[in-house]
file query-v4.pdb (PDB, C-alpha atoms)
MODEL        1
ATOM      1  CA  MET P   1     107.611 128.787  95.304
ATOM      2  CA  ALA P   2     111.083 127.721  96.460
ATOM      3  CA  ARG P   3     110.231 128.568 100.070
ATOM      4  CA  ARG P   4     106.930 126.706  99.835
ATOM      5  CA  ASN P   5     108.671 123.605  98.480
ATOM      6  CA  GLU P   6     111.204 123.798 101.298
ATOM      7  CA  ILE P   7     108.408 123.939 103.860
ATOM      8  CA  ILE P   8     106.679 120.947 102.234
ATOM      9  CA  GLU P   9     109.887 118.899 102.257
ATOM     10  CA  THR P  10     110.485 119.730 105.907
ATOM     11  CA  VAL P  11     106.900 118.926 106.909
ATOM     12  CA  LEU P  12     107.284 115.540 105.199
ATOM     13  CA  GLU P  13     110.541 114.966 107.051
ATOM     14  CA  VAL P  14     109.029 115.808 110.444
ATOM     15  CA  VAL P  15     105.881 113.775 109.802
ATOM     16  CA  TYR P  16     107.925 110.793 108.614
ATOM     17  CA  GLU P  17     110.163 110.812 111.681
ATOM     18  CA  THR P  18     107.153 111.111 113.986
ATOM     19  CA  TRP P  19     105.271 108.470 112.023
ATOM     20  CA  GLU P  20     108.146 105.974 112.341
ATOM     21  CA  ASP P  21     107.517 105.768 116.087
ATOM     22  CA  ASN P  22     103.729 105.692 115.807
ATOM     23  CA  PRO P  23     102.482 104.699 112.329
ATOM     24  CA  PHE P  24      98.799 104.749 113.250
ATOM     25  CA  GLY P  25      99.096 107.970 115.237
ATOM     26  CA  THR P  26      97.699 111.444 114.747
ATOM     27  CA  PHE P  27      99.936 114.361 115.667
ATOM     28  CA  GLU P  28      99.363 117.938 116.761
ATOM     29  CA  GLY P  29      99.799 120.268 113.827
ATOM     30  CA  ASP P  30     101.247 122.984 116.053
ATOM     31  CA  SER P  31     104.028 120.636 117.192
ATOM     32  CA  VAL P  32     104.803 119.726 113.590
ATOM     33  CA  GLY P  33     104.777 123.413 112.631
ATOM     34  CA  ASP P  34     107.101 124.390 115.484
ATOM     35  CA  GLU P  35     109.593 121.689 114.517
ATOM     36  CA  VAL P  36     109.487 122.831 110.880
ATOM     37  CA  ARG P  37     110.229 126.405 111.985
ATOM     38  CA  ASN P  38     113.149 125.207 114.115
ATOM     39  CA  ARG P  39     114.699 123.164 111.326
ATOM     40  CA  LEU P  40     114.357 125.942 108.777
ATOM     41  CA  ASP P  41     115.321 128.607 111.323
ATOM     42  CA  ASP P  42     112.425 130.594 109.936
ATOM     43  CA  ASP P  43     109.546 132.167 111.857
ATOM     44  CA  ILE P  44     106.908 131.028 109.365
ATOM     45  CA  ASP P  45     103.590 132.668 110.167
ATOM     46  CA  HIS P  46     100.569 130.607 111.143
ATOM     47  CA  LYS P  47      98.589 131.453 108.006
ATOM     48  CA  THR P  48     101.360 130.301 105.657
ATOM     49  CA  MET P  49     101.902 127.079 107.575
ATOM     50  CA  HIS P  50      98.175 126.385 107.585
ATOM     51  CA  HIS P  51      97.879 126.938 103.822
ATOM     52  CA  VAL P  52     100.860 124.684 103.104
ATOM     53  CA  MET P  53      99.407 121.901 105.248
ATOM     54  CA  GLN P  54      96.021 122.267 103.566
ATOM     55  CA  ASP P  55      97.675 122.087 100.136
ATOM     56  CA  MET P  56      99.574 118.976 101.222
ATOM     57  CA  ASP P  57      96.289 117.447 102.340
ATOM     58  CA  SER P  58      94.638 118.159  98.985
ATOM     59  CA  GLU P  59      97.654 116.629  97.232
ATOM     60  CA  PHE P  60      97.374 113.514  99.479
ATOM     61  CA  LEU P  61     100.793 114.032 101.068
ATOM     62  CA  ILE P  62      99.458 114.305 104.619
ATOM     63  CA  GLU P  63      96.064 114.243 106.263
ATOM     64  CA  HIS P  64      95.374 117.600 107.875
ATOM     65  CA  THR P  65      92.347 118.537 109.930
ATOM     66  CA  GLY P  66      92.262 122.243 110.701
ATOM     67  CA  ALA P  67      91.019 123.785 113.917
ATOM     68  CA  MET P  68      90.170 127.314 114.996
ATOM     69  CA  GLY P  69      93.277 129.080 116.275
ATOM     70  CA  SER P  70      95.637 126.135 115.776
ATOM     71  CA  LEU P  71      97.119 123.945 113.067
ATOM     72  CA  GLY P  72      94.772 121.128 114.033
ATOM     73  CA  MET P  73      95.884 117.527 113.669
ATOM     74  CA  VAL P  74      98.210 115.865 111.174
ATOM     75  CA  SER P  75      98.684 112.236 110.181
ATOM     76  CA  ALA P  76     100.743 110.510 107.518
ATOM     77  CA  ARG P  77      99.570 109.337 104.118
ATOM     78  CA  ALA P  78     101.145 106.697 101.912
ATOM     79  CA  ASN P  79     101.811 109.169  99.093
ATOM     80  CA  GLY P  80     103.702 111.443 101.465
ATOM     81  CA  ILE P  81     105.762 108.569 102.832
ATOM     82  CA  GLU P  82     106.618 107.545  99.267
ATOM     83  CA  LYS P  83     107.524 111.096  98.270
ATOM     84  CA  TYR P  84     109.794 111.419 101.301
ATOM     85  CA  GLY P  85     111.422 108.109 100.373
ATOM     86  CA  GLU P  86     112.228 109.327  96.851
ATOM     87  CA  SER P  87     115.097 111.447  98.168
ATOM     88  CA  ASN P  88     115.711 109.997 101.630
ATOM     89  CA  GLN P  89     116.398 106.611 103.142
ATOM     90  CA  SER P  90     113.143 105.148 104.405
ATOM     91  CA  PHE P  91     111.570 101.898 105.505
ATOM     92  CA  LEU P  92     110.396 101.358 101.919
ATOM     93  CA  ASP P  93     113.983 100.729 100.798
ATOM     94  CA  ASN P  94     113.959  97.298 102.451
ATOM     95  CA  GLN P  95     110.649  96.242 100.848
ATOM     96  CA  ASN P  96     109.816  94.273 103.986
ATOM     97  CA  TYR P  97     106.151  94.611 103.129
ATOM     98  CA  LEU P  98     106.728  91.826 100.586
ATOM     99  CA  GLU P  99     107.469  89.426 103.452
ATOM    100  CA  ILE P 100     104.144  90.279 105.048
ATOM    101  CA  LEU P 101     102.297  89.959 101.748
ATOM    102  CA  GLU P 102     103.901  86.579 101.103
ATOM    103  CA  TYR P 103     102.868  85.354 104.544
ATOM    104  CA  LEU P 104      99.283  86.571 104.096
ATOM    105  CA  ILE P 105      99.090  85.053 100.612
ATOM    106  CA  ASP P 106     100.249  81.690 102.002
ATOM    107  CA  VAL P 107      97.434  81.815 104.552
ATOM    108  CA  ASP P 108      94.921  82.938 101.934
ATOM    109  CA  ASP P 109      95.914  80.095  99.598
ATOM    110  CA  GLU P 110      95.148  77.566 102.331
ATOM    111  CA  ASN P 111      92.101  79.327 103.776
ATOM    112  CA  PRO P 112      90.696  81.883 101.304
ATOM    113  CA  GLY P 113      89.420  85.068 102.920
ATOM    114  CA  GLU P 114      90.657  84.171 106.400
ATOM    115  CA  TYR P 115      91.926  86.929 108.684
ATOM    116  CA  VAL P 116      95.310  86.460 110.377
ATOM    117  CA  ASN P 117      95.684  87.589 113.991
ATOM    118  CA  SER P 118      98.272  90.265 114.698
ATOM    119  CA  GLU P 119      99.930  87.982 117.266
ATOM    120  CA  ASP P 120     100.462  85.286 114.634
ATOM    121  CA  ILE P 121     102.064  87.749 112.233
ATOM    122  CA  ARG P 122     104.417  89.037 114.916
ATOM    123  CA  GLU P 123     105.380  85.486 115.812
ATOM    124  CA  ASP P 124     105.786  84.073 112.299
ATOM    125  CA  VAL P 125     107.198  87.002 110.292
ATOM    126  CA  ASP P 126     110.881  87.691 110.910
ATOM    127  CA  LEU P 127     110.532  91.437 111.460
ATOM    128  CA  SER P 128     110.512  93.591 114.575
ATOM    129  CA  ASP P 129     107.181  94.755 115.970
ATOM    130  CA  GLU P 130     108.003  98.292 114.835
ATOM    131  CA  GLU P 131     108.740  97.150 111.282
ATOM    132  CA  ILE P 132     105.536  95.135 111.182
ATOM    133  CA  GLU P 133     103.474  98.117 112.338
ATOM    134  CA  ARG P 134     104.953 100.403 109.667
ATOM    135  CA  ASN P 135     104.479  97.903 106.882
ATOM    136  CA  ILE P 136     100.967  96.914 107.946
ATOM    137  CA  TRP P 137     100.008 100.605 107.985
ATOM    138  CA  TYR P 138     101.506 101.115 104.531
ATOM    139  CA  LEU P 139      99.849  98.057 102.985
ATOM    140  CA  ASP P 140      96.496  99.094 104.430
ATOM    141  CA  LYS P 141      96.800 102.638 103.095
ATOM    142  CA  LYS P 142      97.673 101.251  99.654
ATOM    143  CA  GLY P 143      94.574  99.038  99.683
ATOM    144  CA  GLN P 144      96.645  95.841  99.542
ATOM    145  CA  ILE P 145      95.371  94.367 102.797
ATOM    146  CA  GLU P 146      92.201  94.734 104.830
ATOM    147  CA  LEU P 147      92.468  95.397 108.550
ATOM    148  CA  MET P 148      90.131  94.264 111.274
ATOM    149  CA  GLN P 149      90.235  96.933 113.946
ATOM    150  CA  ALA P 150      88.908  97.088 117.480
ATOM    151  CA  ILE P 151      88.251  99.897 119.929
ATOM    152  CA  GLY P 152      91.462 100.759 121.743
ATOM    153  CA  SER P 153      93.613  98.891 119.225
ATOM    154  CA  THR P 154      95.092  99.908 115.888
ATOM    155  CA  TRP P 155      94.414  96.488 114.387
ATOM    156  CA  VAL P 156      93.766  92.969 115.598
ATOM    157  CA  ALA P 157      93.840  90.974 112.354
ATOM    158  CA  THR P 158      94.331  91.362 108.621
ATOM    159  CA  ARG P 159      94.027  89.561 105.303
ATOM    160  CA  VAL P 160      95.398  90.097 101.811
ATOM    161  CA  GLU P 161      93.364  91.909  99.163
ATOM    162  CA  PRO P 162      93.517  91.096  95.415
ATOM    163  CA  ALA P 163      95.574  94.266  94.893
ATOM    164  CA  GLY P 164      98.137  93.009  97.419
ATOM    165  CA  ARG P 165      98.464  89.699  95.629
ATOM    166  CA  ARG P 166      99.068  91.490  92.329
ATOM    167  CA  ILE P 167     101.652  93.843  93.831
ATOM    168  CA  TYR P 168     103.502  90.903  95.360
ATOM    169  CA  GLU P 169     103.626  89.149  91.989
ATOM    170  CA  GLU P 170     104.858  92.287  90.224
ATOM    171  CA  MET P 171     107.519  93.112  92.812
ATOM    172  CA  SER P 172     108.791  89.595  93.474
ATOM    173  CA  GLY P 173     108.409  88.142  89.983
ATOM    174  CA  SER P 174     106.389  85.312  91.490
ATOM    175  CA  ASN P 175     103.096  84.004  90.154
ATOM    176  CA  ARG P 176     100.932  83.384  93.205
ATOM    177  CA  SER P 177      97.527  84.021  91.658
ATOM    178  CA  SER P 178      94.614  82.439  93.447
ATOM    179  CA  THR P 179      92.081  80.339  91.578
ATOM    180  CA  GLU P 180      89.748  83.306  91.348
ATOM    181  CA  THR P 181      92.331  85.652  89.827
ATOM    182  CA  THR P 182      94.269  83.313  87.535
ATOM    183  CA  ILE P 183      94.334  84.341  83.878
ATOM    184  CA  THR P 184      94.081  81.345  81.594
ATOM    185  CA  GLU P 185      96.247  80.891  78.516
ATOM    186  CA  GLU P 186      93.249  81.586  76.294
ATOM    187  CA  GLU P 187      92.775  85.026  77.871
ATOM    188  CA  SER P 188      95.004  87.960  77.046
ATOM    189  CA  LEU P 189      96.145  90.452  79.661
ATOM    190  CA  THR P 190      94.191  93.226  78.005
ATOM    191  CA  ASP P 191      91.008  91.159  78.269
ATOM    192  CA  SER P 192      91.329  91.178  82.055
ATOM    193  CA  GLU P 193      92.061  94.888  82.389
ATOM    194  CA  TYR P 194      89.913  97.978  82.064
ATOM    195  CA  ASP P 195      90.780 100.877  79.815
ATOM    196  CA  VAL P 196      89.163 103.470  82.055
ATOM    197  CA  PHE P 197      87.767 103.746  85.559
ATOM    198  CA  ILE P 198      85.109 106.451  85.877
ATOM    199  CA  SER P 199      85.216 108.184  89.245
ATOM    200  CA  HIS P 200      82.214 110.411  89.902
ATOM    201  CA  ALA P 201      79.766 111.646  92.490
ATOM    202  CA  SER P 202      76.434 109.848  92.501
ATOM    203  CA  GLU P 203      74.636 113.157  91.913
ATOM    204  CA  ASP P 204      76.415 113.441  88.543
ATOM    205  CA  LYS P 205      75.697 109.881  87.443
ATOM    206  CA  GLY P 206      72.588 110.444  85.360
ATOM    207  CA  GLN P 207      73.662 113.696  83.732
ATOM    208  CA  VAL P 208      77.182 112.834  82.586
ATOM    209  CA  ALA P 209      78.793 109.740  84.169
ATOM    210  CA  ARG P 210      76.422 107.077  82.839
ATOM    211  CA  PRO P 211      76.093 108.613  79.337
ATOM    212  CA  LEU P 212      79.893 108.876  79.129
ATOM    213  CA  ALA P 213      80.320 105.246  80.196
ATOM    214  CA  GLU P 214      77.810 104.167  77.558
ATOM    215  CA  GLU P 215      79.479 106.241  74.817
ATOM    216  CA  LEU P 216      82.874 104.750  75.654
ATOM    217  CA  SER P 217      81.487 101.212  75.744
ATOM    218  CA  GLN P 218      79.955 101.705  72.293
ATOM    219  CA  ARG P 219      83.462 102.483  71.016
ATOM    220  CA  GLY P 220      84.802  99.212  72.392
ATOM    221  CA  VAL P 221      86.420 100.755  75.467
ATOM    222  CA  GLU P 222      86.530  98.493  78.539
ATOM    223  CA  VAL P 223      84.956 100.676  81.231
ATOM    224  CA  TRP P 224      84.875 100.157  84.990
ATOM    225  CA  PHE P 225      81.636 101.868  85.969
ATOM    226  CA  ASP P 226      79.831 100.952  89.157
ATOM    227  CA  GLU P 227      76.528 100.155  87.447
ATOM    228  CA  PHE P 228      78.321  97.891  84.962
ATOM    229  CA  GLU P 229      80.510  96.034  87.450
ATOM    230  CA  LEU P 230      78.909  95.872  90.904
ATOM    231  CA  GLU P 231      76.396  93.186  91.730
ATOM    232  CA  ILE P 232      74.330  92.519  94.842
ATOM    233  CA  GLY P 233      76.545  91.043  97.537
ATOM    234  CA  ASP P 234      79.822  92.403  96.160
ATOM    235  CA  ASN P 235      82.361  93.794  98.605
ATOM    236  CA  LEU P 236      82.226  97.457  97.572
ATOM    237  CA  ARG P 237      85.700  98.457  98.704
ATOM    238  CA  GLU P 238      87.317  95.332  97.278
ATOM    239  CA  SER P 239      85.550  95.722  93.928
ATOM    240  CA  ILE P 240      86.520  99.368  93.580
ATOM    241  CA  ASP P 241      90.121  98.734  94.661
ATOM    242  CA  GLU P 242      90.341  95.992  92.060
ATOM    243  CA  GLY P 243      88.971  98.321  89.399
ATOM    244  CA  LEU P 244      91.427 101.057  90.377
ATOM    245  CA  SER P 245      94.406  98.711  90.227
ATOM    246  CA  GLU P 246      93.453  97.090  86.912
ATOM    247  CA  THR P 247      92.618 100.162  84.861
ATOM    248  CA  ARG P 248      94.848 102.059  82.450
ATOM    249  CA  TYR P 249      93.254 105.463  82.986
ATOM    250  CA  GLY P 250      91.148 107.115  85.634
ATOM    251  CA  VAL P 251      88.495 109.441  84.225
ATOM    252  CA  VAL P 252      87.698 111.771  87.105
ATOM    253  CA  ILE P 253      84.549 113.883  86.780
ATOM    254  CA  LEU P 254      85.336 116.865  88.987
ATOM    255  CA  SER P 255      82.392 118.822  90.327
ATOM    256  CA  GLU P 256      81.234 120.448  93.532
ATOM    257  CA  ASN P 257      79.511 117.163  94.327
ATOM    258  CA  PHE P 258      82.750 115.233  93.712
ATOM    259  CA  PHE P 259      84.757 117.322  96.163
ATOM    260  CA  GLY P 260      82.062 116.936  98.793
ATOM    261  CA  LYS P 261      82.382 113.140  98.944
ATOM    262  CA  ASN P 262      84.868 111.115 100.985
ATOM    263  CA  TRP P 263      84.508 108.090  98.713
ATOM    264  CA  THR P 264      85.465 109.949  95.538
ATOM    265  CA  LYS P 265      88.439 111.471  97.338
ATOM    266  CA  ARG P 266      89.594 107.948  98.188
ATOM    267  CA  GLU P 267      89.306 106.908  94.540
ATOM    268  CA  LEU P 268      91.235 110.016  93.498
ATOM    269  CA  GLU P 269      93.946 109.226  96.029
ATOM    270  CA  GLY P 270      94.282 105.711  94.616
ATOM    271  CA  LEU P 271      94.634 107.018  91.069
ATOM    272  CA  THR P 272      97.046 109.750  92.139
ATOM    273  CA  ALA P 273      99.266 107.149  93.805
ATOM    274  CA  ARG P 274      99.481 105.268  90.510
ATOM    275  CA  GLU P 275     100.417 108.429  88.617
ATOM    276  CA  MET P 276     103.639 108.716  90.598
ATOM    277  CA  GLY P 277     105.055 106.338  87.971
ATOM    278  CA  PRO P 278     106.028 107.298  84.401
ATOM    279  CA  GLU P 279     102.627 106.687  82.790
ATOM    280  CA  LYS P 280      99.838 109.243  82.637
ATOM    281  CA  VAL P 281      96.822 107.891  84.514
ATOM    282  CA  LEU P 282      94.484 110.761  85.441
ATOM    283  CA  LEU P 283      92.109 112.197  82.843
ATOM    284  CA  PRO P 284      90.269 115.046  84.623
ATOM    285  CA  LEU P 285      86.911 116.308  83.370
ATOM    286  CA  TRP P 286      85.354 119.485  84.761
ATOM    287  CA  TYR P 287      81.596 119.401  85.188
ATOM    288  CA  GLU P 288      79.911 122.687  86.123
ATOM    289  CA  ILE P 289      83.093 123.846  87.812
ATOM    290  CA  ASP P 290      85.889 126.308  87.018
ATOM    291  CA  LYS P 291      89.631 126.388  87.619
ATOM    292  CA  GLU P 292      89.377 128.626  90.672
ATOM    293  CA  THR P 293      87.046 126.163  92.357
ATOM    294  CA  VAL P 294      89.282 123.207  91.513
ATOM    295  CA  GLN P 295      92.252 125.223  92.796
ATOM    296  CA  SER P 296      90.496 125.817  96.100
ATOM    297  CA  HIS P 297      89.918 122.080  96.564
ATOM    298  CA  ASN P 298      93.043 120.584  95.005
ATOM    299  CA  PRO P 299      95.820 122.836  93.631
ATOM    300  CA  ALA P 300      97.632 119.928  91.982
ATOM    301  CA  LEU P 301      94.560 118.986  89.937
ATOM    302  CA  ALA P 302      93.999 122.576  88.848
ATOM    303  CA  ASN P 303      97.336 122.515  87.020
ATOM    304  CA  LYS P 304      96.500 119.411  84.993
ATOM    305  CA  VAL P 305      95.164 119.710  81.466
ATOM    306  CA  ALA P 306      91.443 118.988  81.677
ATOM    307  CA  GLU P 307      88.393 118.892  79.433
ATOM    308  CA  LYS P 308      85.056 120.440  80.282
ATOM    309  CA  ILE P 309      82.108 118.081  80.062
ATOM    310  CA  ASN P 310      78.393 118.786  79.924
ATOM    311  CA  GLU P 311      75.248 117.018  78.795
ATOM    312  CA  ASP P 312      75.730 118.235  75.201
ATOM    313  CA  ASN P 313      79.366 117.345  74.452
ATOM    314  CA  ILE P 314      79.587 113.818  75.893
ATOM    315  CA  PRO P 315      80.120 112.104  72.481
ATOM    316  CA  GLU P 316      82.996 114.487  71.705
ATOM    317  CA  VAL P 317      84.604 113.886  75.113
ATOM    318  CA  ALA P 318      84.205 110.121  74.687
ATOM    319  CA  GLU P 319      85.865 110.317  71.277
ATOM    320  CA  GLU P 320      88.816 112.218  72.731
ATOM    321  CA  ILE P 321      89.276 109.668  75.526
ATOM    322  CA  PHE P 322      89.020 106.887  72.948
ATOM    323  CA  GLY P 323      91.789 108.590  70.953
ATOM    324  CA  ILE P 324      94.073 108.742  73.995
ATOM    325  CA  ILE P 325      93.581 105.021  74.597
ATOM    326  CA  LYS P 326      94.237 104.142  70.950
ATOM    327  CA  ASP P 327      97.377 106.297  70.843
ATOM    328  CA  ARG P 328      98.787 104.437  73.834
ATOM    329  CA  GLU P 329      98.009 101.051  72.289
ATOM    330  CA  ASP P 330      99.701 102.084  69.044
TER     331      ASP P 330
ENDMDL
END
call {"tool": "encode", "arguments": {"input": "query-v4.pdb", "output": "structure tokens"}}
result
Amino acid sequence: MARRNEIIETVLEVVYETWEDNPFGTFEGDSVGDEVRNRLDDDIDHKTMHHVMQDMDSEFLIEHTGAMGSLGMVSARANGIEKYGESNQSFLDNQNYLEILEYLIDVDDENPGEYVNSEDIREDVDLSDEEIERNIWYLDKKGQIELMQAIGSTWVATRVEPAGRRIYEEMSGSNRSSTETTITEEESLTDSEYDVFISHASEDKGQVARPLAEELSQRGVEVWFDEFELEIGDNLRESIDEGLSETRYGVVILSENFFGKNWTKRELEGLTAREMGPEKVLLPLWYEIDKETVQSHNPALANKVAEKINEDNIPEVAEEIFGIIKDRED
């Protein structure tokens, strides 16, 4: 375990240093692996390195795409950059992303929803081009801005997302809420938040996800569930990001279907990022799946305490989730 952790830390170090020069880049896994071996002065075999990189991918520390006979391609992820920054000096220490958020919020206040050209940001924000690239990448990965991209270019324009506005307010202590997101004095904070966000594969909706959402709602739990919240014309990504950022808990219904979807993986990554703080966020439920299968997809999730859910025990599971919410409120 100690050796594995050392390899992970060194992979993060190498990826971070490579990422600093090219935030939007994808890097050869073999080159990363060779540099890790050099720094550790250890001839780590290909199989071990591959397994470590795959585990790091499942834990959202890097993005790793395997390839036959090689270590494939590697790119950075926000969680990995944050983990590296916990014990090392990194670009996050300066919190320059707040300057970019403030600039984008100013534009959004004057012209709601308007994209800002990359040239304007480079001209108006007092940061180097390299710093802007790193922070734009980070804000995009955290779902706080939306990028407009073009072929042959990493990004050409961007605009602030509701999650970015909220993060800016929390980090800077400033209240810059737009008209659409302002909470009136008559509303309490809890009225505007959700107790749980239910992340699930569409194939599992009818059997367990919808019945669970209904059981929780009957108990007075504020539930973010796609059928309850999304309306025709809604921006899907924006609506889900808002739900993820405003919920206390993420109920994740893990199944073979869940692990086969890119969208559910993105939701899981968003919830996992929030759990890096002191509060428990993830509430995993296993649906027609066992620990070995979860382990094969995501080792970190396999070690979390989870409940099994099926069509027959949904009321009991809902009652347990309700109890967790009540305990936190008390």
call {"tool": "closest_residue", "arguments": {"input": "query-v4.pdb", "among": "P:Val156, P:Leu104, P:Ala201, P:Val223", "to": "Trp263 in chain P", "atoms": "only C-alpha atoms"}}
result
P:Ala201
call {"tool": "closest_residue", "arguments": {"input": "query-v4.pdb", "among": "P:Ser128, P:Asn257, P:Asn79, P:Gln295", "to": "Gly270 in chain P", "atoms": "all atoms listed in the file"}}
result
P:Asn79
call {"tool": "resolve_selection", "arguments": {"input": "query-v4.pdb", "expression": "the PyMOL selection byres ((chain P and resi 315) around 9)", "output": "list in words"}}
result
Pro211, Leu212, Glu215, Leu216, Asp312, Asn313, Ile314, Glu316, Val317, Ala318, Glu319 and Glu320 of chain P
call {"tool": "residues_around", "arguments": {"input": "query-v4.pdb", "residues": "Trp19 in chain P", "least_positions_apart": "6", "cutoff": "8 Å", "atoms": "all atoms listed in the file", "output": "PyMOL selection string"}}
result
chain P and resi 25+75-76
call {"tool": "write_last_selection", "arguments": {"input": "query-v4.pdb", "atoms": "C-alpha atoms", "output": "compact mmCIF listing (two decimals), in the frame of the given file"}}
result
# COMPACT_ATOMS: atom_id res chain seq x y z
CA GLY P 25 99.10 107.97 115.24
CA SER P 75 98.68 112.24 110.18
CA ALA P 76 100.74 110.51 107.52
call {"tool": "closest_residue", "arguments": {"input": "query-v4.pdb", "among": "P:Gln54, P:Asn135, P:Ser172, P:Thr158", "to": "Glu102 in chain P", "atoms": "all atoms listed in the file"}}
result
P:Ser172
call {"tool": "closest_residue", "arguments": {"input": "query-v4.pdb", "among": "P:Glu288, P:Glu35, P:Asp21, P:Glu169", "to": "Ile105 in chain P", "atoms": "all atoms listed in the file"}}
result
P:Glu169
call {"tool": "residues_around", "arguments": {"input": "query-v4.pdb", "residues": "Leu40 in chain P", "least_positions_apart": "5", "cutoff": "9 Å", "atoms": "only C-alpha atoms", "output": "JSON, numbers by chain"}}
result
{"P": [6, 7, 10, 35]}
call {"tool": "residues_around", "arguments": {"input": "query-v4.pdb", "residues": "Ser31 in chain P", "least_positions_apart": "3", "cutoff": "10 Å", "atoms": "only C-alpha atoms", "output": "number ranges by chain"}}
result
P: 14, 27-28, 34-37, 71-74
call {"tool": "atom_distance", "arguments": {"input": "query-v4.pdb", "atom1": "CA of Phe225 in chain P", "atom2": "CA of Ala163 in chain P"}}
result
18.2 Å
call {"tool": "closest_residue", "arguments": {"input": "query-v4.pdb", "among": "P:Tyr168, P:Tyr138, P:Phe24, P:Trp286", "to": "His200 in chain P", "atoms": "only C-alpha atoms"}}
result
P:Trp286
call {"tool": "atom_distance", "arguments": {"input": "query-v4.pdb", "atom1": "CA of Val281 in chain P", "atom2": "CA of Asn303 in chain P"}}
result
14.8 Å
call {"tool": "atom_distance", "arguments": {"input": "query-v4.pdb", "atom1": "CA of Lys142 in chain P", "atom2": "CA of Tyr103 in chain P"}}
result
17.4 Å
call {"tool": "resolve_selection", "arguments": {"input": "query-v4.pdb", "expression": "the PyMOL selection byres ((chain P and resi 195) around 8)", "output": "MDAnalysis selection string"}}
result
chainID P and resid 193:194 196:197 221:224 247:249 325
call {"tool": "resolve_selection", "arguments": {"input": "query-v4.pdb", "expression": "the PyMOL selection byres ((chain P and resi 306) around 7)", "output": "mmCIF file with C-alpha atoms, in the frame of the given file"}}
result
data_model
loop_
_atom_site.group_PDB
_atom_site.id
_atom_site.type_symbol
_atom_site.label_atom_id
_atom_site.label_comp_id
_atom_site.auth_asym_id
_atom_site.auth_seq_id
_atom_site.Cartn_x
_atom_site.Cartn_y
_atom_site.Cartn_z
ATOM 1 C CA LEU P 283 92.109 112.197 82.843
ATOM 2 C CA PRO P 284 90.269 115.046 84.623
ATOM 3 C CA LEU P 285 86.911 116.308 83.370
ATOM 4 C CA TRP P 286 85.354 119.485 84.761
ATOM 5 C CA LYS P 304 96.500 119.411 84.993
ATOM 6 C CA VAL P 305 95.164 119.710 81.466
ATOM 7 C CA GLU P 307 88.393 118.892 79.433
ATOM 8 C CA LYS P 308 85.056 120.440 80.282
#
